[in-house]
Protein chains: 2
Amino acid sequence: MEKPFVVGIDIGGQTSKIGIVDTRGNVTCQSVIRTDTHTDVSLFINDLHDAISKLVNSSCGFENIRGIGVGAPNGNYYTGTIENAVNVVWGGNKIIPFAELLSAKLSLPVALTNDANAAAVGEMTYGVAKGMKNFIMITLGTGVGSGIVINGEVVYGHDGFAGELGHTTAVRYNGRLCNCGRTGCLETYTSATGLARTARELIESTEIPSQLRNITSPITSKDVYEAAVEGDQLALQIFEFTGKKLGESFADFVAFSAPEAIILFGGLARAGDFIMNPVEESMNVNLLPLWRGKIKLLFSQLKESDAAILGASALAWSLK
Amino acid sequence: MEKPFVVGIDIGGQTSKIGIVDTRGNVTCQSVIRTDTHTDVSLFINDLHDAISKLVNSSCGFENIRGIGVGAPNGNYYTGTIENAVNVVWGGNKIIPFAELLSAKLSLPVALTNDANAAAVGEMTYGVAKGMKNFIMITLGTGVGSGIVINGEVVYGHDGFAGELGHTTAVRYNGRLCNCGRTGCLETYTSATGLARTARELIESTEIPSQLRNITSPITSKDVYEAAVEGDQLALQIFEFTGKKLGESFADFVAFSAPEAIILFGGLARAGDFIMNPVEESMNVNLLPLWRGKIKLLFSQLKESDAAILGASALAWSLK
């Protein structure tokens with residue numbers, strides 16, 4: 001019999017989540033460790049080893065674990081390396097053979113990719129993309145990530161780094177400055193921080209009355225959502241603008257790979273129709289006629305607290 | 001022994017080219033028939049049958065033909081249909097089961113796709129992309145076509161129509177009107193006709209002296225090329241502008257599929273360094289740092305007179 005459990009690890013800048021997942025996509029147990037306590041990756045891997053051992057030994061046992069899937073910033077699926085991950089304390093300016101180190105430590109096979117690609121695999125394995133061969137996953141969080149699936153396979157490109165749709169150009173000239181050093185990237189407009197940036201700009205550049213004007217701390221996407229729920233006109237306009245930008249870019253993505261669906265995931269996706277309605281309208285206006293009204297726009301159906309672990313774990317099912 | 005010849009057919013609006021191709025990519029014989037003499041596709045298929053029979057019977061014989069590959073406007077690989085091909089006299093506003101009709105007529109298997117996808121398969125089978133698993137073919141002709149190869153397979157998308165990169169957005173607002181009914185499409189700036197449009201705009205909007213100002217008939221991309229060869233400043237600026245637009249879009253394409261190379265093909269590609277230098281500079285300025293200087297820009301190495309037949313024929317090698 002095939003071993004019926006996998007381990008999923010989601011590495012974030014502050015903390016990393018670990019979970020054991022069964023074939024149906026249930027996270028049977030999980031724990032969290034700090035990512036940022038050691039500047040040396042080998043010490044982090046020691047912590048990871050201890051946490052995984054504890055989870056596995058108190059549940060299904062190592063004999064039932066098929067392998068480990070890791071979602072990590074700048075994770076390269078081909079090489080199993082984490083490359084120049086500046087947001088991880090032990091990751092900047094180096095290429096870490098993470099999968100190899102972890103595999104040696106635990107005597108289990110390890111597959112690794114970045115978090116957005118892991119989310120796409122998770123959605124295809126356990127979520128709303130089950131059975132879909134062609135779709136694009138867009139994660140709307142602090143940044144904008146993407147996982148592209150074509151013919152049932154995640155697109156990694158010739159070097160392992162394909163699918164950086166957050167860094168395609170939404171505004172060609174005089175666009176907003178991005179963390180990547182360029183300007184006009186989609187992520188500067190449609191991430192949670194991009195939405196907050198739009199809020200600040202519209203507060204300054206318009207006279208539209210809004211409860212957002214009363215907020216003294218820096219405005220967050222959550223503030224904008226809460227205002228929108230109460231019918232605040234400026235908040236609705238902020239979502240309108242953000243959705244329009246996303247829809248414009250989605251139309252170009254469709255011209256590339258003609259996906260069956262584009263699936264939204266992450267913090268901003270929780271805004272539901274506030275974001276989805278303008279996205280849908282703008283995408284369809286900008287699509288070539290042959291695709292208008294034919295590309296599904298969906299929300300992820302993975303439970304958000306489990307999604308990162310599920311995505312990472314899903315990678316491990318294809319391990320030999 | 002495997003049958004050692006295939007037939008390649010390139011369907012254009014006015015004429016269609018037919019050739020017999022060997023395993024090394026030699027077009028051993030070829031002929032041309034009119035596409036536009038019949039409004040009924042079945043009559044066109046009769047002509048095609050006669051022309052192919054003549055070629056085959058006077059050379060290798062039908063017993064040595066593995067199959068037929070067809071490159072056609074709006075060709076759908078999945079279904080073998082030609083769908084709403086308005087530029088073909090028998091093709092507008094209908095879905096024609098072309099592969100099925102031709103296969104029945106000749107008792108040979110038939111594969112069909114659009115011309116740009118066929119060009120990509122041709123380049124991978126016989127040309128500069130031999131051995132490459134991830135590349136993008138861009139055809140710069142009257143329009144801008146594209147064939148995207150990922151993991152060694154052409155990307156057809158969920159519906160067979162992926163790879164419309166000529167209709168991704170080069171200029172978001174106030175862009176040029178495109179034949180597709182939208183504005184700002186890459187093709188309106190970087191096709192041969194787009195380049196001629198730029199020429200007319202710059203002649204009107206600048207005072208730069210140029211021999212192009214002496215031309216009384218509508219300026220063509222060939223006129224601009226010939227002027228550039230003689231060092232004409234305005235002509236060079238026209239190529240500069242066109243290459244810059246292409247390079248900007250290429251940077252976004254790389255963020256999608258991280259190809260090893262982007263390969264230029266078609267009329268405008270003949271302009272060589274006049275087009276390639278600004279493309280390369282602009283692409284690298286606009287790429288995410290991780291890709292700068294790492295993505296190859298190449299010209300197709302297929303002999304242009306044979307390329308369309310070769311591309312179409314290459315489809316037929318994978319027929320069973």
# chains A, B, ... in the order shown; residues from 1 in each chain; ligands from 1

$ residues_around --residues "Asn114 (chain B)" --least-positions-apart "4" --cutoff "7 Å" --atoms "only C-alpha atoms" --output "list in words"
Gly71, Ala72, Pro73, Asn74, Gly75, Asn76 and Ala118 of chain B

$ interface_residues --of "chain B" --to "chain A" --cutoff "8 Å" --atoms "only C-alpha atoms" --output "PyMOL selection string"
chain B and resi 133-134+150-151+155-165+167-169+171-172+180+182+251-252+254-260+286+288-289

$ residues_around --residues "region 217-234 of chain B" --least-positions-apart "4" --cutoff "12 Å" --atoms "only C-alpha atoms" --output "JSON, numbers by chain"
{"B": [140, 141, 142, 189, 190, 191, 192, 193, 194, 195, 196, 197, 198, 199, 200, 201, 202, 203, 204, 205, 206, 207, 208, 209, 210, 211, 212, 213, 238, 239, 240, 241, 242, 267, 268, 269, 270, 271, 272, 273, 274, 275]}

$ residues_around --residues "Gly247 (chain A)" --least-positions-apart "4" --cutoff "7 Å" --atoms "only C-alpha atoms" --output "JSON, numbers by chain"
{"A": [243, 251, 279, 280, 282, 283]}

$ closest_residue --among "A:Thr139, A:Thr23, A:Thr188, A:Ser58" --to "Phe299 (chain A)" --atoms "only C-alpha atoms"
A:Thr139

$ select_by_dssp --residues "region 11-254 of chain B" --states "strand (DSSP E or B)" --output "MDAnalysis selection string"
chainID B and resid 11 15:22 27:34 65:71 75:76 81:83 95:96 110:113 135:140 144:150 153:154 169 177 183 185

$ atom_distance --atom1 "CA of Asn46 (chain A)" --atom2 "CA of Lys17 (chain A)"
14.8 Å

$ closest_residue --among "B:Ile215, B:Ile20, B:Val144, B:Leu112" --to "Gly80 (chain B)" --atoms "only C-alpha atoms"
B:Leu112
